[in-house]
file protein_10.csv (CSV, C-alpha atoms)
chain,number,residue,atom,x,y,z
A,694,MET,CA,95.0,132.2,98.2
A,695,LYS,CA,91.5,131.1,99.2
A,696,ASN,CA,91.1,129.6,95.8
A,697,TYR,CA,94.2,127.5,96.2
A,698,PHE,CA,92.9,126.0,99.4
A,699,LEU,CA,89.6,125.3,97.7
A,700,ALA,CA,91.4,123.6,94.8
A,701,LEU,CA,93.4,121.5,97.2
A,702,GLY,CA,90.3,120.5,99.2
A,703,PHE,CA,88.6,119.6,95.9
A,704,PHE,CA,91.6,117.5,94.9
A,705,CYS,CA,91.6,115.6,98.1
A,706,PHE,CA,87.9,114.9,97.9
A,707,ALA,CA,88.4,113.7,94.4
A,708,LEU,CA,91.1,111.3,95.4
A,709,SER,CA,89.1,109.9,98.3
A,710,ALA,CA,85.8,109.7,96.3
A,711,CYS,CA,86.2,106.7,94.1
A,712,GLU,CA,87.1,103.6,95.8
A,713,ASN,CA,86.9,100.9,93.3
A,714,ASP,CA,85.5,97.5,94.1
A,715,ASP,CA,86.4,95.5,91.0
A,716,PHE,CA,87.6,92.5,93.0
A,717,CYS,CA,85.2,90.3,94.9
A,718,ALA,CA,86.5,90.0,98.5
A,719,GLU,CA,83.3,88.6,100.1
A,720,ASN,CA,82.3,85.0,100.4
A,721,THR,CA,80.8,83.4,97.3
A,722,SER,CA,78.3,80.6,97.0
A,723,PRO,CA,78.9,78.4,100.1
A,724,LYS,CA,80.0,74.8,99.7
A,725,LEU,CA,78.6,71.7,101.3
A,726,LEU,CA,80.6,70.9,104.4
A,727,ILE,CA,80.9,67.2,105.3
A,728,ARG,CA,82.5,65.8,108.4
A,729,PHE,CA,83.4,62.1,109.0
A,730,TYR,CA,82.7,60.5,112.4
A,731,ASP,CA,83.5,57.2,113.9
A,732,LYS,CA,80.5,54.8,113.8
A,733,GLU,CA,81.6,53.2,117.1
A,734,ASP,CA,81.9,56.6,118.8
A,735,PRO,CA,79.5,59.1,117.0
A,736,GLU,CA,81.0,62.1,118.8
A,737,THR,CA,84.5,61.6,117.5
A,738,LEU,CA,85.9,62.7,114.2
A,739,LYS,CA,87.6,59.9,112.3
A,740,GLU,CA,89.9,60.5,109.4
A,741,VAL,CA,89.5,58.5,106.2
A,742,PRO,CA,91.7,58.1,103.1
A,743,LEU,CA,89.5,59.5,100.5
A,744,ILE,CA,89.0,60.1,96.8
A,745,VAL,CA,85.9,62.2,95.9
A,746,TRP,CA,84.4,63.1,92.5
A,747,ALA,CA,81.0,64.1,91.2
A,748,GLU,CA,79.2,61.9,88.7
A,749,GLY,CA,80.8,62.4,85.3
A,750,LYS,CA,83.4,64.9,86.6
A,751,ASP,CA,87.1,65.0,87.5
A,752,THR,CA,88.4,64.1,90.9
A,753,ILE,CA,87.8,67.0,93.2
A,754,TYR,CA,89.7,65.5,96.2
A,755,PRO,CA,92.6,63.3,95.1
A,756,LEU,CA,93.7,60.7,97.6
A,757,SER,CA,94.2,62.4,100.9
A,758,VAL,CA,93.4,61.5,104.5
A,759,LEU,CA,90.8,63.8,105.9
A,760,ASP,CA,88.0,64.2,108.5
A,761,SER,CA,86.2,67.0,106.7
A,762,ILE,CA,85.7,68.1,103.1
A,763,ALA,CA,83.9,71.0,101.4
A,764,LEU,CA,82.1,70.2,98.1
A,765,PRO,CA,80.5,72.7,95.7
A,766,LEU,CA,76.9,72.0,94.7
A,767,ASP,CA,75.7,72.2,91.1
A,768,THR,CA,73.7,75.4,90.8
A,769,SER,CA,72.3,74.4,87.4
A,770,ASN,CA,70.6,71.3,88.8
A,771,LYS,CA,68.3,70.5,91.7
A,772,GLN,CA,70.6,67.7,92.8
A,773,THR,CA,74.2,66.7,92.9
A,774,THR,CA,75.6,63.2,93.2
A,775,TYR,CA,79.1,62.7,94.7
A,776,LYS,CA,81.1,59.5,94.8
A,777,PHE,CA,83.3,58.8,97.8
A,778,SER,CA,86.0,56.1,97.4
A,779,THR,CA,88.2,54.7,100.1
A,780,THR,CA,90.5,51.7,99.4
A,781,ASN,CA,88.6,51.1,96.2
A,782,ILE,CA,85.3,50.8,97.8
A,783,VAL,CA,82.9,53.4,96.4
A,784,ASP,CA,79.8,54.9,98.0
A,785,GLU,CA,77.5,57.3,96.4
A,786,LEU,CA,75.4,60.1,98.0
A,787,GLN,CA,72.8,62.2,96.2
A,788,PHE,CA,71.9,65.5,97.6
A,789,THR,CA,68.8,67.5,96.7
A,790,TYR,CA,68.2,71.2,97.5
A,791,VAL,CA,66.4,74.4,96.6
A,792,ARG,CA,68.6,77.2,95.4
A,793,GLU,CA,68.1,80.9,96.2
A,794,ASP,CA,70.2,83.7,94.7
A,795,PHE,CA,71.2,86.8,96.6
A,796,PHE,CA,72.8,89.9,95.3
A,797,ILE,CA,76.0,90.6,97.4
A,798,SER,CA,77.8,93.5,95.8
A,799,ARG,CA,78.9,95.1,92.5
A,800,SER,CA,82.0,93.0,92.3
A,801,CYS,CA,80.6,89.7,93.5
A,802,GLY,CA,77.2,89.9,91.9
A,803,TYR,CA,74.8,87.0,92.8
A,804,ILE,CA,75.6,84.1,95.0
A,805,ALA,CA,73.5,81.0,95.7
A,806,ILE,CA,72.5,79.6,99.0
A,807,PHE,CA,70.9,76.2,99.4
A,808,LYS,CA,67.8,75.4,101.4
A,809,ASN,CA,66.0,72.2,102.2
A,810,VAL,CA,69.1,70.1,101.7
A,811,ALA,CA,68.2,66.4,101.8
A,812,LEU,CA,69.8,63.1,101.1
A,813,GLU,CA,67.9,61.6,98.2
A,814,SER,CA,69.8,58.4,98.1
A,815,GLN,CA,72.9,56.8,99.6
A,816,SER,CA,74.8,53.5,99.3
A,817,ASN,CA,76.3,51.9,102.4
A,818,ASN,CA,79.4,50.0,101.4
A,819,TRP,CA,81.9,51.6,103.7
A,820,ILE,CA,79.6,54.4,105.0
A,821,GLU,CA,77.6,53.1,107.9
A,822,SER,CA,75.2,56.0,107.7
A,823,ALA,CA,74.9,59.7,106.7
A,824,GLU,CA,72.7,62.4,108.0
A,825,ILE,CA,71.9,66.1,107.3
A,826,SER,CA,72.8,68.1,110.4
A,827,ASN,CA,72.0,71.5,108.9
A,828,ALA,CA,69.5,71.7,106.0
A,829,THR,CA,70.4,75.3,105.0
A,830,ILE,CA,73.8,76.1,103.4
A,831,GLU,CA,74.4,79.7,104.1
A,832,ASN,CA,78.0,79.6,105.2
A,833,GLU,CA,80.9,77.2,105.7
A,834,THR,CA,81.3,77.5,109.4
A,835,ALA,CA,79.5,74.4,110.6
A,836,ALA,CA,79.1,70.9,109.1
A,837,HIS,CA,76.0,70.4,107.0
A,838,VAL,CA,76.4,66.6,106.6
A,839,LYS,CA,77.7,64.0,109.0
A,840,ILE,CA,79.0,60.7,107.7
A,841,TYR,CA,79.6,57.8,110.1
A,842,HIS,CA,82.0,55.1,109.1
B,494,MET,CA,88.5,92.2,76.4
B,495,GLN,CA,86.8,93.9,79.3
B,496,LEU,CA,89.8,96.2,79.7
B,497,SER,CA,89.9,97.4,76.2
B,498,LYS,CA,86.2,98.1,76.2
B,499,MET,CA,86.6,100.2,79.3
B,500,LYS,CA,89.6,102.2,77.9
B,501,LEU,CA,88.1,103.4,74.7
B,502,PRO,CA,85.6,105.9,76.1
B,503,HIS,CA,88.3,107.2,78.4
B,504,MET,CA,90.7,107.6,75.5
B,505,SER,CA,88.2,109.7,73.6
B,506,LYS,CA,87.5,111.8,76.6
B,507,TYR,CA,91.2,112.4,77.0
B,508,THR,CA,91.5,113.4,73.3
B,509,ILE,CA,88.6,115.8,73.5
B,510,SER,CA,89.9,117.3,76.7
B,511,CYS,CA,93.2,118.0,74.9
B,512,CYS,CA,91.5,119.5,71.9
B,513,LEU,CA,89.4,121.8,74.1
B,514,PHE,CA,92.4,122.8,76.1
B,515,LEU,CA,94.3,123.8,73.1
B,516,LEU,CA,91.3,125.6,71.7
B,517,ALA,CA,91.4,127.7,74.8
B,518,PHE,CA,94.8,129.0,74.0
B,519,PHE,CA,93.9,129.5,70.4
B,520,ALA,CA,90.9,131.6,71.4
B,521,GLN,CA,93.0,133.7,73.8
B,522,ALA,CA,95.6,134.3,71.2
B,523,GLN,CA,93.0,135.6,68.8
B,524,GLU,CA,91.5,138.0,71.3
B,525,ASN,CA,94.7,139.7,72.3
B,526,LYS,CA,93.9,143.0,70.7
B,527,PRO,CA,96.2,145.9,71.1
B,528,LEU,CA,96.0,147.5,74.5
B,529,GLU,CA,94.1,150.7,74.6
B,530,GLN,CA,95.8,153.6,76.1
B,531,ASN,CA,93.1,154.6,78.5
B,532,ASP,CA,93.7,152.3,81.5
B,533,SER,CA,90.7,153.6,83.4
B,534,LEU,CA,88.4,152.0,80.9
B,535,VAL,CA,85.9,149.6,82.5
B,536,TYR,CA,84.9,146.6,80.4
B,537,LYS,CA,81.3,145.8,80.8
B,538,LYS,CA,80.2,142.2,81.2
B,539,ASN,CA,77.6,140.5,79.1
B,540,TYR,CA,74.5,139.3,81.0
B,541,GLY,CA,72.1,136.8,79.6
B,542,LEU,CA,70.9,133.2,79.5
B,543,ARG,CA,73.5,130.8,78.3
B,544,VAL,CA,72.2,127.5,76.9
B,545,GLY,CA,74.1,124.6,75.4
B,546,VAL,CA,74.5,120.9,74.8
B,547,ASP,CA,76.9,118.3,76.1
B,548,LEU,CA,78.9,117.2,73.0
B,549,SER,CA,80.4,114.1,74.6
B,550,LYS,CA,77.1,112.1,75.1
B,551,PRO,CA,76.1,111.9,71.4
B,552,ILE,CA,79.8,111.1,70.5
B,553,ILE,CA,79.8,108.2,73.1
B,554,ALA,CA,76.4,107.1,71.8
B,555,ALA,CA,77.7,107.0,68.3
B,556,ARG,CA,80.6,104.7,69.3
B,557,ASP,CA,78.8,102.5,71.9
B,558,VAL,CA,75.6,100.7,70.9
B,559,ASP,CA,74.8,100.1,74.6
B,560,TYR,CA,74.5,103.9,75.3
B,561,LYS,CA,72.1,106.6,74.4
B,562,GLY,CA,72.1,110.0,76.0
B,563,PHE,CA,71.8,113.7,75.7
B,564,GLU,CA,72.2,116.7,78.1
B,565,ILE,CA,71.2,120.3,78.0
B,566,VAL,CA,73.0,122.8,80.0
B,567,ALA,CA,72.1,126.4,81.0
B,568,ASP,CA,73.4,129.1,83.2
B,569,TYR,CA,72.6,132.7,84.1
B,570,ARG,CA,75.0,135.3,85.3
B,571,LEU,CA,73.9,136.7,88.7
B,572,ARG,CA,77.0,138.7,89.5
B,573,PRO,CA,80.2,139.3,87.4
B,574,ASN,CA,81.7,136.0,88.8
B,575,VAL,CA,78.6,134.1,90.0
B,576,TYR,CA,76.3,132.0,87.9
B,577,ILE,CA,73.3,130.0,88.6
B,578,ALA,CA,73.6,126.8,86.6
B,579,ALA,CA,71.6,123.7,85.7
B,580,GLU,CA,71.9,120.6,83.6
B,581,MET,CA,69.2,118.2,82.5
B,582,GLY,CA,69.4,115.1,80.5
B,583,HIS,CA,68.2,111.6,79.6
B,584,VAL,CA,70.3,108.4,79.5
B,585,GLU,CA,69.6,104.8,78.4
B,586,LYS,CA,72.5,102.5,79.1
B,587,THR,CA,73.2,98.8,79.3
B,588,SER,CA,75.9,98.0,81.9
B,589,GLU,CA,77.9,94.8,81.6
B,590,GLU,CA,79.6,93.5,84.7
B,591,ASP,CA,81.5,90.3,84.9
B,592,ARG,CA,78.6,88.1,86.0
B,593,TYR,CA,75.5,90.3,85.4
B,594,GLN,CA,74.0,92.8,83.0
B,595,PHE,CA,71.5,95.5,83.6
B,596,PHE,CA,69.8,98.3,81.7
B,597,THR,CA,69.2,101.8,83.1
B,598,LYS,CA,66.8,104.3,81.6
B,599,GLY,CA,65.9,107.7,83.1
B,600,SER,CA,66.2,111.5,83.3
B,601,TYR,CA,67.9,113.8,85.6
B,602,LEU,CA,68.2,117.4,86.7
B,603,THR,CA,71.0,119.2,88.5
B,604,VAL,CA,70.9,122.7,89.8
B,605,GLY,CA,73.5,124.8,91.5
B,606,ILE,CA,76.0,127.7,91.6
B,607,ASN,CA,79.3,128.3,89.7
B,608,ARG,CA,81.9,130.8,90.8
B,609,ASN,CA,84.5,132.0,88.4
B,610,ALA,CA,88.0,132.2,89.8
B,611,PHE,CA,89.7,133.4,86.6
B,612,LYS,CA,90.7,137.0,86.2
B,613,ASN,CA,90.0,138.1,82.6
B,614,TRP,CA,92.1,140.5,80.7
B,615,LEU,CA,90.4,143.4,78.8
B,616,GLU,CA,87.0,142.4,77.5
B,617,MET,CA,87.6,138.7,77.5
B,618,ASP,CA,85.0,136.6,79.2
B,619,ASN,CA,86.5,133.2,80.0
B,620,GLU,CA,86.0,131.1,83.1
B,621,LEU,CA,87.8,128.8,85.3
B,622,TYR,CA,85.2,127.9,87.9
B,623,TYR,CA,84.2,125.8,90.8
B,624,GLY,CA,80.7,125.1,91.9
B,625,PHE,CA,78.2,123.0,93.7
B,626,ARG,CA,75.1,121.1,92.4
B,627,TYR,CA,72.2,119.3,93.8
B,628,GLY,CA,71.1,116.5,91.6
B,629,PHE,CA,68.0,114.4,91.2
B,630,SER,CA,67.2,111.4,88.9
B,631,ARG,CA,64.2,109.3,88.3
B,632,PHE,CA,64.9,106.1,86.4
B,633,SER,CA,64.1,102.4,85.9
B,634,GLN,CA,66.5,99.6,86.3
B,635,THR,CA,66.2,96.2,84.5
B,636,LEU,CA,68.2,93.2,85.6
B,637,ASN,CA,68.6,91.4,82.3
B,638,GLN,CA,70.9,88.5,83.2
B,639,TYR,CA,73.1,87.1,85.9
B,640,THR,CA,75.4,84.1,86.5
B,641,VAL,CA,75.7,82.7,90.0
B,642,PHE,CA,79.1,83.3,91.4
B,643,GLN,CA,80.8,80.2,92.7
B,644,LYS,CA,84.5,80.2,93.5
B,645,GLY,CA,86.5,77.8,91.4
B,646,VAL,CA,88.0,74.5,92.7
B,647,ALA,CA,91.7,73.9,92.4
B,648,ILE,CA,92.4,70.6,90.7
B,649,ASP,CA,96.1,69.9,90.0
B,650,GLY,CA,96.9,73.5,90.9
B,651,ILE,CA,94.5,74.9,88.2
B,652,SER,CA,91.4,76.7,89.6
B,653,SER,CA,88.2,76.4,87.6
B,654,ALA,CA,84.5,76.0,88.1
B,655,TYR,CA,83.7,72.4,89.0
B,656,PHE,CA,80.2,72.7,87.8
B,657,ASP,CA,79.0,75.2,85.1
B,658,PRO,CA,77.4,77.9,87.1
B,659,ALA,CA,73.7,78.6,86.6
B,660,THR,CA,72.8,81.6,84.4
B,661,GLU,CA,69.4,83.2,84.9
B,662,GLN,CA,67.5,85.7,82.7
B,663,PRO,CA,65.1,87.3,85.1
B,664,ASN,CA,64.4,90.4,83.0
B,665,ARG,CA,63.2,92.0,86.2
B,666,LYS,CA,62.3,95.6,85.9
B,667,PHE,CA,62.4,98.0,88.8
B,668,GLU,CA,60.3,101.1,88.1
B,669,ASP,CA,60.3,104.5,89.7
B,670,GLN,CA,63.7,104.5,91.3
B,671,ASN,CA,64.9,107.8,92.7
B,672,ALA,CA,68.3,109.1,93.6
B,673,HIS,CA,69.5,112.4,95.1
B,674,TRP,CA,73.0,113.6,95.2
B,675,VAL,CA,75.4,116.6,95.6
B,676,SER,CA,78.3,117.3,93.4
B,677,LEU,CA,81.5,119.4,93.4
B,678,VAL,CA,82.1,120.9,89.9
B,679,LEU,CA,85.4,122.1,88.5
B,680,GLY,CA,85.4,123.4,85.0
B,681,MET,CA,86.4,125.9,82.4
B,682,LYS,CA,84.5,127.8,79.7
B,683,VAL,CA,86.2,129.6,76.8
B,684,GLU,CA,84.6,132.2,74.6
B,685,THR,CA,85.6,131.0,71.1
B,686,PHE,CA,83.4,133.4,69.1
B,687,LYS,CA,81.3,136.2,70.3
B,688,ASN,CA,78.9,134.7,72.9
B,689,LEU,CA,79.8,131.1,71.8
B,690,TYR,CA,81.5,129.0,74.5
B,691,LEU,CA,83.3,125.7,74.7
B,692,GLY,CA,83.3,124.2,78.1
B,693,LEU,CA,84.5,121.2,80.0
B,694,ALA,CA,83.7,120.2,83.6
B,695,ILE,CA,84.4,117.4,86.0
B,696,ASN,CA,81.8,116.5,88.6
B,697,ILE,CA,82.6,114.6,91.7
B,698,SER,CA,79.3,113.4,93.3
B,699,LYS,CA,78.2,111.8,96.4
B,700,LEU,CA,74.8,110.2,96.8
B,701,LEU,CA,72.5,111.5,99.5
B,702,ARG,CA,69.7,109.0,99.1
B,703,ILE,CA,69.0,106.2,96.7
B,704,ASP,CA,66.3,103.6,96.3
B,705,THR,CA,67.4,100.0,96.7
B,706,PRO,CA,65.6,97.5,94.5
B,707,ASP,CA,64.7,94.1,96.0
B,708,ASN,CA,67.7,91.8,95.8
B,709,PHE,CA,69.6,94.1,93.5
B,710,GLU,CA,71.3,97.6,93.7
B,711,ASN,CA,71.2,100.7,91.6
B,712,LEU,CA,74.8,100.6,90.3
B,713,TYR,CA,74.3,103.2,87.6
B,714,VAL,CA,72.2,106.3,87.9
B,715,PRO,CA,71.5,108.7,85.0
B,716,GLY,CA,73.4,112.0,85.5
B,717,PHE,CA,75.3,110.6,88.4
B,718,ASN,CA,77.1,107.8,86.5
B,719,LYS,CA,78.5,104.6,87.8
B,720,VAL,CA,78.0,104.3,91.5
B,721,TYR,CA,81.3,103.3,93.3
B,722,ALA,CA,81.6,101.5,96.6
B,723,THR,CA,81.6,104.7,98.6
B,724,ASN,CA,78.3,105.9,97.0
B,725,SER,CA,80.3,108.3,94.9
B,726,SER,CA,81.0,108.9,91.3
B,727,VAL,CA,82.9,111.0,88.7
B,728,SER,CA,81.4,112.3,85.5
B,729,PHE,CA,82.5,114.7,82.8
B,730,ASN,CA,80.8,116.9,80.3
B,731,TYR,CA,82.1,118.9,77.2
B,732,THR,CA,79.7,121.6,76.3
B,733,LEU,CA,79.0,123.9,73.4
B,734,SER,CA,76.8,126.8,74.6
B,735,TYR,CA,75.5,130.1,73.4
B,736,ARG,CA,74.8,133.2,75.5
B,737,ILE,CA,71.6,135.0,74.5
B,738,PRO,CA,72.8,138.5,75.4
B,739,LEU,CA,70.2,140.5,77.3
B,740,TYR,CA,72.1,143.4,78.7
B,741,LYS,CA,75.6,144.7,79.6
B,742,LYS,CA,76.6,145.8,83.1
call {"tool": "encode", "arguments": {"input": "protein_10.csv", "output": "structure tokens"}}
result
Amino acid sequence: MKNYFLALGFFCFALSACENDDFCAENTSPKLLIRFYDKEDPETLKEVPLIVWAEGKDTIYPLSVLDSIALPLDTSNKQTTYKFSTTNIVDELQFTYVREDFFISRSCGYIAIFKNVALESQSNNWIESAEISNATIENETAAHVKIYH
Amino acid sequence: MQLSKMKLPHMSKYTISCCLFLLAFFAQAQENKPLEQNDSLVYKKNYGLRVGVDLSKPIIAARDVDYKGFEIVADYRLRPNVYIAAEMGHVEKTSEEDRYQFFTKGSYLTVGINRNAFKNWLEMDNELYYGFRYGFSRFSQTLNQYTVFQKGVAIDGISSAYFDPATEQPNRKFEDQNAHWVSLVLGMKVETFKNLYLGLAINISKLLRIDTPDNFENLYVPGFNKVYATNSSVSFNYTLSYRIPLYKK
């Protein structure tokens, strides 16, 4: 009888022992969060009809009216150039950064965070100005770039 | 692709399990000698050092180029149903995950007690046992390669990577990694010929302490096996062992 209880205990332990973690549930490499502000009133968000793509890539944001967007940065390069088009006027912003990789978990592996994010160049056709509000991209909770238009 | 790779070793384990299980019956059938009339006869137990090898590791190594390993097992009978048992081995394994690959190399030793719960007939000496182990491993871990994980972007409803993610080959080696663990063992041993035993055992282990390399984790430990999220693991062995008979009691 004692042995049966032992066997049962063993079986329960066996079932609880191996929790698999094959699916990555955590956050992966964070994106660059951009928010659009009114140039007349720099504290107020202002929506813009927007088409966004990276140089030589497909459209990432097809025409939509937004006041904030999240863009992935190219981990293979030290810079990423995005084009922002509104009513067929195109502006270009080039971001530079330093990438650091961190091990997260078995299922997620390594993710990248970005430090020393800077605006390398910008054009000002419809964008009045742009500034980096947070030079370290660790998460997607607060805006990293503010664009005034 | 990943799935079929995973399944093969499990399939072979399953097949070997079945064979050993059937062998057990075969062995029992052979040893059912006619009952002797004197029922007050006491069958003496063989005492001695039993040594053996794990058969599964060389078989896996022969099928999988990313794996090399061997294990030596030994036990010694203290009382009719109590054994002191130990396993030691060496493993070299390349583990391939979705976005990274690493190589583990090291040796291990486990020591503990087995208790037989099987009531043998006549002079048979088979075992159905449970036991406990303390395990220790010393190993090196080399991170060969990884690809940065960036979630895909949905364009027209199809999610894919917008930029090709960076792949790095750091070849970073972490030396002198240590791990300590405890295991529950459940197994059986069948005497197929005089003093020759076939055995199989399942180990369910839990890490007590493990080193964490800088910006990586020890996800495979020799002797412990793949480390799951709860710091636990499952491992098997299939042994062939011989008892060097010392005395009968």
call {"tool": "atom_distance", "arguments": {"input": "protein_10.csv", "atom1": "CA of Val675 in chain B", "atom2": "CA of Gly624 in chain B"}}
result
10.7 Å
call {"tool": "residues_near_point", "arguments": {"input": "protein_10.csv", "point": "(79.8, 116.7, 74.7)", "cutoff": "8 Å", "atoms": "only C-alpha atoms", "output": "list in words"}}
result
Val546, Asp547, Leu548, Ser549, Lys550, Pro551, Ile552, Asn730, Tyr731, Thr732 and Leu733 of chain B
call {"tool": "interface_residues", "arguments": {"input": "protein_10.csv", "of": "chain B", "to": "chain A", "cutoff": "9 Å", "atoms": "all atoms listed in the file", "output": "JSON, numbers by chain"}}
result
{"B": [590, 591, 592, 593, 610, 623, 639, 640, 641, 642, 643, 644, 645, 646, 647, 648, 655, 656, 657, 658, 659, 660, 677, 678, 679, 697, 698, 699, 708, 709, 710, 712, 720, 721, 722, 723, 724, 725, 726, 727]}
call {"tool": "closest_residue", "arguments": {"input": "protein_10.csv", "among": "B:Pro738, B:Gly628, B:Phe595, B:Asn613", "to": "Gly582 in chain B", "atoms": "all atoms listed in the file"}}
result
B:Gly628
call {"tool": "residues_around", "arguments": {"input": "protein_10.csv", "residues": "Val791 in chain A", "least_positions_apart": "3", "cutoff": "8 Å", "atoms": "all atoms listed in the file", "output": "list in words"}}
result
Lys771, Phe807, Lys808, Asn809 and Val810 of chain A
call {"tool": "atom_distance", "arguments": {"input": "protein_10.csv", "atom1": "CA of Ser816 in chain A", "atom2": "CA of Thr737 in chain A"}}
result
22.2 Å
call {"tool": "residues_around", "arguments": {"input": "protein_10.csv", "residues": "Tyr713 in chain B", "least_positions_apart": "3", "cutoff": "12 Å", "atoms": "only C-alpha atoms", "output": "PyMOL selection string"}}
result
(chain A and resi 799) or (chain B and resi 584-590+594-599+630-636+670-672+700+703-705+709-710+716-722+724-728)
call {"tool": "write_last_selection", "arguments": {"input": "protein_10.csv", "atoms": "C-alpha atoms", "output": "PDB file, keeping the file's coordinate frame"}}
result
ATOM      1  CA  ARG A 799      78.900  95.100  92.500  1.00  0.00           C
TER       2      ARG A 799
ATOM      3  CA  VAL B 584      70.300 108.400  79.500  1.00  0.00           C
ATOM      4  CA  GLU B 585      69.600 104.800  78.400  1.00  0.00           C
ATOM      5  CA  LYS B 586      72.500 102.500  79.100  1.00  0.00           C
ATOM      6  CA  THR B 587      73.200  98.800  79.300  1.00  0.00           C
ATOM      7  CA  SER B 588      75.900  98.000  81.900  1.00  0.00           C
ATOM      8  CA  GLU B 589      77.900  94.800  81.600  1.00  0.00           C
ATOM      9  CA  GLU B 590      79.600  93.500  84.700  1.00  0.00           C
ATOM     10  CA  GLN B 594      74.000  92.800  83.000  1.00  0.00           C
ATOM     11  CA  PHE B 595      71.500  95.500  83.600  1.00  0.00           C
ATOM     12  CA  PHE B 596      69.800  98.300  81.700  1.00  0.00           C
ATOM     13  CA  THR B 597      69.200 101.800  83.100  1.00  0.00           C
ATOM     14  CA  LYS B 598      66.800 104.300  81.600  1.00  0.00           C
ATOM     15  CA  GLY B 599      65.900 107.700  83.100  1.00  0.00           C
ATOM     16  CA  SER B 630      67.200 111.400  88.900  1.00  0.00           C
ATOM     17  CA  ARG B 631      64.200 109.300  88.300  1.00  0.00           C
ATOM     18  CA  PHE B 632      64.900 106.100  86.400  1.00  0.00           C
ATOM     19  CA  SER B 633      64.100 102.400  85.900  1.00  0.00           C
ATOM     20  CA  GLN B 634      66.500  99.600  86.300  1.00  0.00           C
ATOM     21  CA  THR B 635      66.200  96.200  84.500  1.00  0.00           C
ATOM     22  CA  LEU B 636      68.200  93.200  85.600  1.00  0.00           C
ATOM     23  CA  GLN B 670      63.700 104.500  91.300  1.00  0.00           C
ATOM     24  CA  ASN B 671      64.900 107.800  92.700  1.00  0.00           C
ATOM     25  CA  ALA B 672      68.300 109.100  93.600  1.00  0.00           C
ATOM     26  CA  LEU B 700      74.800 110.200  96.800  1.00  0.00           C
ATOM     27  CA  ILE B 703      69.000 106.200  96.700  1.00  0.00           C
ATOM     28  CA  ASP B 704      66.300 103.600  96.300  1.00  0.00           C
ATOM     29  CA  THR B 705      67.400 100.000  96.700  1.00  0.00           C
ATOM     30  CA  PHE B 709      69.600  94.100  93.500  1.00  0.00           C
ATOM     31  CA  GLU B 710      71.300  97.600  93.700  1.00  0.00           C
ATOM     32  CA  GLY B 716      73.400 112.000  85.500  1.00  0.00           C
ATOM     33  CA  PHE B 717      75.300 110.600  88.400  1.00  0.00           C
ATOM     34  CA  ASN B 718      77.100 107.800  86.500  1.00  0.00           C
ATOM     35  CA  LYS B 719      78.500 104.600  87.800  1.00  0.00           C
ATOM     36  CA  VAL B 720      78.000 104.300  91.500  1.00  0.00           C
ATOM     37  CA  TYR B 721      81.300 103.300  93.300  1.00  0.00           C
ATOM     38  CA  ALA B 722      81.600 101.500  96.600  1.00  0.00           C
ATOM     39  CA  ASN B 724      78.300 105.900  97.000  1.00  0.00           C
ATOM     40  CA  SER B 725      80.300 108.300  94.900  1.00  0.00           C
ATOM     41  CA  SER B 726      81.000 108.900  91.300  1.00  0.00           C
ATOM     42  CA  VAL B 727      82.900 111.000  88.700  1.00  0.00           C
ATOM     43  CA  SER B 728      81.400 112.300  85.500  1.00  0.00           C
TER      44      SER B 728
END
call {"tool": "atom_distance", "arguments": {"input": "protein_10.csv", "atom1": "CA of Arg702 in chain B", "atom2": "CA of Tyr569 in chain B"}}
result
28.2 Å
call {"tool": "residues_around", "arguments": {"input": "protein_10.csv", "residues": "Thr779 in chain A", "least_positions_apart": "5", "cutoff": "8 Å", "atoms": "all atoms listed in the file", "output": "short mmCIF file (atom, residue, chain, number, x, y, z; two decimals) with C-alpha atoms, in the frame of the given file"}}
result
data_model
loop_
_atom_site.label_atom_id
_atom_site.label_comp_id
_atom_site.auth_asym_id
_atom_site.auth_seq_id
_atom_site.Cartn_x
_atom_site.Cartn_y
_atom_site.Cartn_z
CA VAL A 741 89.50 58.50 106.20
CA PRO A 742 91.70 58.10 103.10
CA LEU A 743 89.50 59.50 100.50
CA ILE A 744 89.00 60.10 96.80
CA TRP A 819 81.90 51.60 103.70
#
call {"tool": "residues_around", "arguments": {"input": "protein_10.csv", "residues": "Ala763 in chain A", "least_positions_apart": "6", "cutoff": "8 Å", "atoms": "only C-alpha atoms", "output": "PDB file with C-alpha atoms, keeping the file's coordinate frame"}}
result
ATOM      1  CA  LYS A 724      80.000  74.800  99.700  1.00  0.00           C
ATOM      2  CA  LEU A 725      78.600  71.700 101.300  1.00  0.00           C
ATOM      3  CA  LEU A 726      80.600  70.900 104.400  1.00  0.00           C
ATOM      4  CA  ILE A 727      80.900  67.200 105.300  1.00  0.00           C
TER       5      ILE A 727
END
call {"tool": "residues_around", "arguments": {"input": "protein_10.csv", "residues": "Glu740 in chain A", "least_positions_apart": "2", "cutoff": "8 Å", "atoms": "all atoms listed in the file", "output": "ChimeraX atom specification"}}
result
/A:729-730,738,742,758-761
call {"tool": "decode", "arguments": {"input": "protein_10.csv", "residues": "range 678-689 of chain B", "atoms": "C-alpha atoms", "output": "PDB file, in the first residue's frame"}}
result
ATOM      1  CA  VAL B 678      14.342   7.326 -10.185  1.00  0.00           C
ATOM      2  CA  LEU B 679      11.825   4.706 -11.241  1.00  0.00           C
ATOM      3  CA  GLY B 680      13.191   1.625 -12.947  1.00  0.00           C
ATOM      4  CA  MET B 681      13.324  -2.078 -13.492  1.00  0.00           C
ATOM      5  CA  LYS B 682      16.112  -4.634 -13.783  1.00  0.00           C
ATOM      6  CA  VAL B 683      15.675  -8.103 -15.187  1.00  0.00           C
ATOM      7  CA  GLU B 684      18.130 -10.944 -14.777  1.00  0.00           C
ATOM      8  CA  THR B 685      18.289 -12.375 -18.291  1.00  0.00           C
ATOM      9  CA  PHE B 686      21.194 -14.757 -17.730  1.00  0.00           C
ATOM     10  CA  LYS B 687      22.941 -15.645 -14.513  1.00  0.00           C
ATOM     11  CA  ASN B 688      24.181 -12.340 -13.059  1.00  0.00           C
ATOM     12  CA  LEU B 689      23.497 -10.452 -16.307  1.00  0.00           C
TER      13      LEU B 689
END
